[in-house]
$ cat start.tsv   # TSV, C-alpha atoms
chain	number	residue	atom	x	y	z
A	11	MET	CA	36.14	1.66	-3.06
A	12	ALA	CA	34.26	3.59	-0.38
A	13	VAL	CA	32.18	1.66	2.16
A	14	GLU	CA	28.52	2.70	2.20
A	15	GLU	CA	27.61	4.69	5.28
A	16	GLY	CA	26.25	2.58	8.13
A	17	LEU	CA	27.01	-0.66	6.32
A	18	ASN	CA	29.19	-3.46	7.72
A	19	PRO	CA	30.61	-5.12	4.57
A	20	LEU	CA	31.38	-8.31	6.52
A	21	VAL	CA	27.75	-9.07	7.32
A	22	ARG	CA	25.56	-7.18	4.83
A	23	SER	CA	25.62	-7.53	1.05
A	24	ARG	CA	24.78	-4.96	-1.61
A	25	VAL	CA	21.59	-6.87	-2.42
A	26	SER	CA	20.41	-6.83	1.21
A	27	ARG	CA	20.99	-3.06	1.36
A	28	ALA	CA	19.05	-2.71	-1.89
A	29	GLU	CA	16.19	-4.67	-0.30
A	30	GLU	CA	16.18	-2.27	2.66
A	31	ILE	CA	16.00	0.75	0.35
A	32	ALA	CA	13.27	-0.87	-1.74
A	33	HIS	CA	11.30	-1.60	1.45
A	34	GLU	CA	11.66	1.99	2.69
A	35	LEU	CA	10.44	3.37	-0.63
A	36	GLU	CA	7.54	0.87	-0.66
A	37	VAL	CA	6.46	2.21	2.74
A	38	GLU	CA	6.53	5.77	1.39
A	39	ILE	CA	4.54	4.78	-1.69
A	40	THR	CA	1.89	2.88	0.28
A	41	GLY	CA	1.81	5.39	3.13
A	42	GLY	CA	-0.74	7.70	1.55
A	43	GLY	CA	1.52	10.67	0.77
A	44	LEU	CA	2.25	9.65	-2.82
A	45	ARG	CA	-0.03	8.98	-5.77
A	46	PRO	CA	0.44	7.18	-9.10
A	47	GLY	CA	2.64	9.29	-11.36
A	48	ASP	CA	4.39	11.16	-8.53
A	49	TRP	CA	8.13	11.72	-9.03
A	50	LEU	CA	10.43	10.03	-6.51
A	51	GLY	CA	13.62	11.52	-7.92
A	52	THR	CA	16.43	10.49	-10.21
A	53	LYS	CA	18.60	7.46	-9.59
A	54	ASP	CA	21.48	9.76	-8.72
A	55	GLY	CA	19.30	11.71	-6.31
A	56	LEU	CA	18.18	8.50	-4.61
A	57	ARG	CA	21.79	7.30	-4.49
A	58	GLN	CA	22.81	10.49	-2.67
A	59	ARG	CA	19.79	10.36	-0.37
A	60	PHE	CA	20.60	6.84	0.83
A	61	GLY	CA	24.39	7.20	0.64
A	62	VAL	CA	24.90	4.09	-1.46
A	63	ALA	CA	26.71	2.99	-4.61
A	64	VAL	CA	25.19	3.20	-8.10
A	65	ALA	CA	24.88	-0.60	-8.30
A	66	THR	CA	22.89	-0.67	-5.04
A	67	ILE	CA	20.34	1.93	-6.13
A	68	ASN	CA	20.01	0.20	-9.51
A	69	GLU	CA	19.18	-3.05	-7.72
A	70	ALA	CA	16.64	-1.32	-5.45
A	71	VAL	CA	14.89	0.26	-8.45
A	72	ARG	CA	14.91	-3.07	-10.28
A	73	LEU	CA	13.19	-4.72	-7.30
A	74	LEU	CA	10.55	-1.98	-7.15
A	75	GLU	CA	9.91	-2.19	-10.90
A	76	MET	CA	9.54	-5.96	-10.65
A	77	ARG	CA	6.95	-5.48	-7.89
A	78	ARG	CA	5.15	-2.79	-9.97
A	79	TYR	CA	5.67	-0.01	-7.44
A	80	VAL	CA	7.70	2.28	-9.70
A	81	GLU	CA	8.43	3.12	-13.33
A	82	ALA	CA	11.82	4.35	-14.52
A	83	ARG	CA	11.54	6.92	-17.34
A	84	PRO	CA	14.64	7.99	-19.29
A	85	GLY	CA	15.48	11.36	-20.82
A	86	PRO	CA	14.81	14.99	-19.81
A	87	GLY	CA	12.16	15.19	-17.13
A	88	GLY	CA	12.61	11.51	-16.43
A	89	GLY	CA	13.50	9.65	-13.28
A	90	ILE	CA	11.71	7.25	-10.96
A	91	PHE	CA	7.93	7.60	-10.72
A	92	VAL	CA	5.22	5.89	-8.67
A	93	ALA	CA	3.66	3.32	-10.99
A	94	VAL	CA	0.08	3.80	-12.12
A	95	SER	CA	-2.38	1.05	-11.31
A	96	SER	CA	-3.80	0.69	-14.82
A	97	GLY	CA	-1.37	-2.06	-15.79
A	98	ARG	CA	-2.43	-4.24	-12.90
A	99	MET	CA	-6.06	-3.33	-13.54
A	100	ARG	CA	-5.80	-4.47	-17.16
A	101	LEU	CA	-4.13	-7.68	-16.01
A	102	GLY	CA	-6.93	-8.25	-13.48
A	103	SER	CA	-9.57	-7.64	-16.11
A	104	PHE	CA	-7.91	-10.14	-18.43
A	105	ILE	CA	-7.64	-12.80	-15.72
A	106	LEU	CA	-11.06	-12.33	-14.18
A	107	GLY	CA	-13.00	-11.48	-17.33
A	108	PHE	CA	-14.44	-8.45	-15.58
A	109	ARG	CA	-14.07	-4.69	-16.07
A	110	TRP	CA	-13.43	-3.44	-12.54
A	111	GLY	CA	-13.66	0.16	-13.69
A	112	SER	CA	-17.34	-0.40	-14.48
A	113	ALA	CA	-18.16	-1.52	-10.92
A	114	SER	CA	-19.88	0.80	-8.47
A	115	PHE	CA	-18.05	2.23	-5.50
A	116	ALA	CA	-20.41	0.48	-3.06
A	117	ASP	CA	-19.98	-2.90	-4.76
A	118	CYS	CA	-16.18	-2.65	-4.62
A	119	MET	CA	-16.36	-1.69	-0.94
A	120	ASP	CA	-18.53	-4.76	-0.29
A	121	VAL	CA	-15.90	-7.00	-1.89
A	122	ARG	CA	-13.10	-5.31	0.02
A	123	ASP	CA	-14.93	-5.76	3.31
A	124	ALA	CA	-15.62	-9.42	2.55
A	125	LEU	CA	-11.90	-10.05	2.02
A	126	GLU	CA	-10.73	-7.87	4.90
A	127	PRO	CA	-11.00	-10.45	7.74
A	128	VAL	CA	-8.79	-12.91	5.85
A	129	VAL	CA	-6.25	-10.23	4.92
A	130	CYS	CA	-6.10	-8.90	8.49
A	131	ARG	CA	-5.67	-12.38	9.96
A	132	GLU	CA	-2.67	-12.82	7.65
A	133	ALA	CA	-1.34	-9.47	8.84
A	134	ALA	CA	-1.68	-10.55	12.48
A	135	ARG	CA	0.34	-13.69	11.72
A	136	HIS	CA	3.15	-12.06	9.79
A	137	GLY	CA	3.42	-8.40	10.84
A	138	THR	CA	6.77	-7.10	12.12
A	139	PRO	CA	7.50	-4.08	14.36
A	140	ASP	CA	8.49	-2.12	11.23
A	141	ASP	CA	5.13	-2.97	9.67
A	142	ILE	CA	3.26	-1.78	12.75
A	143	ARG	CA	5.19	1.50	12.79
A	144	ALA	CA	4.28	2.04	9.12
A	145	LEU	CA	0.60	1.35	9.83
A	146	LYS	CA	0.59	3.80	12.75
A	147	LYS	CA	2.15	6.49	10.55
A	148	ILE	CA	-0.72	6.12	8.08
A	149	LEU	CA	-3.22	6.27	10.97
A	150	ALA	CA	-1.72	9.59	12.06
A	151	GLY	CA	-2.35	10.95	8.56
A	152	MET	CA	-5.93	9.71	8.64
A	153	GLU	CA	-6.47	11.52	11.94
A	154	GLN	CA	-5.58	14.80	10.22
A	155	ARG	CA	-7.75	14.27	7.13
A	156	GLN	CA	-11.08	13.23	8.67
A	157	ASP	CA	-12.72	16.39	7.31
A	158	ALA	CA	-11.69	15.60	3.72
A	159	PRO	CA	-13.48	12.35	2.72
A	160	PRO	CA	-11.60	11.63	-0.55
A	161	ASP	CA	-8.20	12.18	1.10
A	162	TYR	CA	-9.28	10.14	4.11
A	163	LEU	CA	-10.40	7.29	1.87
A	164	ARG	CA	-7.10	7.26	-0.01
A	165	LEU	CA	-5.28	6.97	3.30
A	166	ASP	CA	-7.73	4.24	4.34
A	167	TRP	CA	-6.77	2.29	1.21
A	168	ALA	CA	-3.07	3.03	1.76
A	169	LEU	CA	-3.47	1.38	5.16
A	170	HIS	CA	-5.12	-1.64	3.59
A	171	ARG	CA	-2.43	-1.83	0.89
A	172	ARG	CA	0.12	-1.95	3.69
A	173	LEU	CA	-1.85	-4.74	5.35
A	174	ALA	CA	-2.00	-6.61	2.04
A	175	LYS	CA	1.79	-6.57	1.85
A	176	LEU	CA	1.85	-8.83	4.92
A	177	CYS	CA	-0.11	-11.57	3.14
A	178	ARG	CA	1.79	-14.75	2.38
A	179	ASN	CA	-1.22	-15.87	0.32
A	180	ALA	CA	-0.31	-14.49	-3.11
A	181	PRO	CA	-3.74	-14.96	-4.81
A	182	LEU	CA	-5.48	-13.27	-1.87
A	183	GLN	CA	-3.01	-10.38	-1.95
A	184	GLY	CA	-3.35	-9.92	-5.70
A	185	PHE	CA	-7.14	-10.01	-5.72
A	186	TYR	CA	-7.39	-7.64	-2.74
A	187	LEU	CA	-5.05	-5.14	-4.42
A	188	LEU	CA	-7.16	-5.30	-7.59
A	189	VAL	CA	-10.21	-4.29	-5.56
A	190	LEU	CA	-8.30	-1.38	-4.00
A	191	ASP	CA	-7.14	-0.29	-7.45
A	192	SER	CA	-10.74	-0.29	-8.63
A	193	LEU	CA	-11.86	1.80	-5.65
A	194	GLU	CA	-9.23	4.41	-6.43
A	195	GLU	CA	-10.19	4.50	-10.10
A	196	VAL	CA	-13.88	5.13	-9.37
A	197	LEU	CA	-13.32	7.60	-6.51
A	198	ASP	CA	-12.89	10.61	-8.79
A	199	ARG	CA	-16.26	9.83	-10.40
A	200	VAL	CA	-18.17	9.55	-7.12
A	201	ASP	CA	-19.98	12.50	-5.55
A	202	ALA	CA	-18.74	13.06	-2.00
A	203	ASP	CA	-22.35	12.96	-0.79
A	204	HIS	CA	-22.65	9.36	-2.04
A	205	LEU	CA	-19.48	7.93	-0.58
A	206	VAL	CA	-19.86	4.78	1.48
A	207	GLN	CA	-19.48	5.21	5.22
A	208	VAL	CA	-16.00	3.95	6.15
A	209	HIS	CA	-14.34	2.78	9.29
A	210	THR	CA	-13.39	5.36	11.90
A	211	VAL	CA	-9.83	6.17	12.92
A	212	ALA	CA	-10.57	4.73	16.36
A	213	GLY	CA	-11.76	1.51	14.75
A	214	HIS	CA	-8.64	1.33	12.63
A	215	ARG	CA	-6.47	1.86	15.70
A	216	GLU	CA	-8.24	-1.01	17.43
A	217	LEU	CA	-7.61	-3.19	14.39
A	218	VAL	CA	-3.93	-2.28	14.15
A	219	ALA	CA	-3.49	-2.86	17.90
A	220	ALA	CA	-4.89	-6.38	17.53
A	221	ILE	CA	-2.60	-7.02	14.55
A	222	ALA	CA	0.39	-5.78	16.57
A	223	GLU	CA	-0.48	-8.33	19.28
A	224	GLY	CA	-0.94	-11.11	16.75
A	225	ASP	CA	-4.45	-11.47	18.15
A	226	GLU	CA	-6.55	-13.00	15.36
A	227	ALA	CA	-9.69	-13.14	17.52
A	228	GLY	CA	-9.19	-9.46	18.39
A	229	VAL	CA	-8.79	-8.66	14.69
A	230	GLU	CA	-12.12	-10.30	13.85
A	231	ALA	CA	-13.84	-8.59	16.78
A	232	ALA	CA	-12.53	-5.18	15.65
A	233	ILE	CA	-13.80	-5.81	12.12
A	234	ARG	CA	-17.23	-6.96	13.36
A	235	ARG	CA	-17.64	-3.72	15.28
A	236	GLN	CA	-17.16	-1.74	12.07
A	237	VAL	CA	-19.81	-2.68	9.54
A	238	PRO	CA	-19.92	0.00	6.83
A	239	THR	CA	-23.25	0.82	5.19
A	240	ALA	CA	-23.94	2.27	1.77
A	241	ALA	CA	-25.23	5.83	1.66
A	242	ASP	CA	-28.62	6.31	0.09
$ encode --input "start.tsv" --output "structure tokens"
Amino acid sequence: MAVEEGLNPLVRSRVSRAEEIAHELEVEITGGGLRPGDWLGTKDGLRQRFGVAVATINEAVRLLEMRRYVEARPGPGGGIFVAVSSGRMRLGSFILGFRWGSASFADCMDVRDALEPVVCREAARHGTPDDIRALKKILAGMEQRQDAPPDYLRLDWALHRRLAKLCRNAPLQGFYLLVLDSLEEVLDRVDADHLVQVHTVAGHRELVAAIAEGDEAGVEAAIRRQVPTAAD
């Protein structure tokens, strides 16, 4: 049996390699370049891309399905797709007794901003160098899309989804992601002239820098300097 490229079989298991692949795909999905329903490829295509065995890619896909990042669809035209958020939205509605899709954009932003200091403090405690590199990659995309508010906002939320992944507080993470899902669902129904003012790229960079340093006081100071206001 061939040894997977770059893998030392004495120290790394198939499952750990599957975790690495799942993590890399998670970063791509949350990095702003992909949207719900986008095609990631077939299992065989992913196997060739990562140079791994069939069992390894099957395990990576299983992990991503379990975390609700992807959906595997069989048959012609099938493959691995970025999961839509509606399933989690329906679950959130059932648990909270509230239809998030009926909320206004401004109200959802208010809830997100109320939760943000807690989420970002968690990120400062638990972020790794890989996490910081992923956040900076999203920031670079935001820099290029400042003249396209809907695209910029989706990247803004991709950044916050990446921050949410660093939470060890599962209820906080789940609730925060529900709010982000709701924001994305209402975005297509909001006139660009009525979008809420959002944080600047410079402000985001200040926030990410504080997270990279593990500086919780710096995180809170960065957030306080960016108080969004609703457009009239």
$ atom_distance --input "start.tsv" --atom1 "CA of Ile67 (chain A)" --atom2 "CA of Asp48 (chain A)"
18.6 Å
$ closest_atom_pairs --input "start.tsv" --of "region 130-235 of chain A" --to "region 73-78 of chain A" --cutoff "12 Å" --atoms "only C-alpha atoms" --output "Markdown table"
| residue | atom | partner | partner_atom | distance |
| --- | --- | --- | --- | --- |
| A:Lys175 | CA | A:Arg77 | CA | 11.1 |
| A:Gly184 | CA | A:Arg77 | CA | 11.4 |
| A:Leu187 | CA | A:Arg78 | CA | 11.8 |
$ atom_distance --input "start.tsv" --atom1 "CA of Arg72 (chain A)" --atom2 "CA of Thr52 (chain A)"
13.6 Å
$ atom_distance --input "start.tsv" --atom1 "CA of Ala220 (chain A)" --atom2 "CA of Leu169 (chain A)"
14.7 Å
$ residues_around --input "start.tsv" --residues "region 125-137 of chain A" --least-positions-apart "5" --cutoff "10 Å" --atoms "all atoms listed in the file" --output "ChimeraX atom specification"
/A:119-120,142,170,172-179,182-183,185-186,189,217-234
$ closest_residue --input "start.tsv" --among "A:Val121, A:Ala65, A:Ile39, A:Ile31" --to "Leu165 (chain A)" --atoms "only C-alpha atoms"
A:Ile39
$ closest_residue --input "start.tsv" --among "A:Arg59, A:His33, A:Arg122, A:Arg83" --to "Trp167 (chain A)" --atoms "all atoms listed in the file"
A:Arg122
$ residues_near_point --input "start.tsv" --point "(1.8, 5.3, -4.7)" --cutoff "12 Å" --atoms "only C-alpha atoms" --output "NGL selection string"
:A and (35-50 or 74 or 78-81 or 90-95 or 164-165 or 167-169 or 171-172 or 191 or 194)
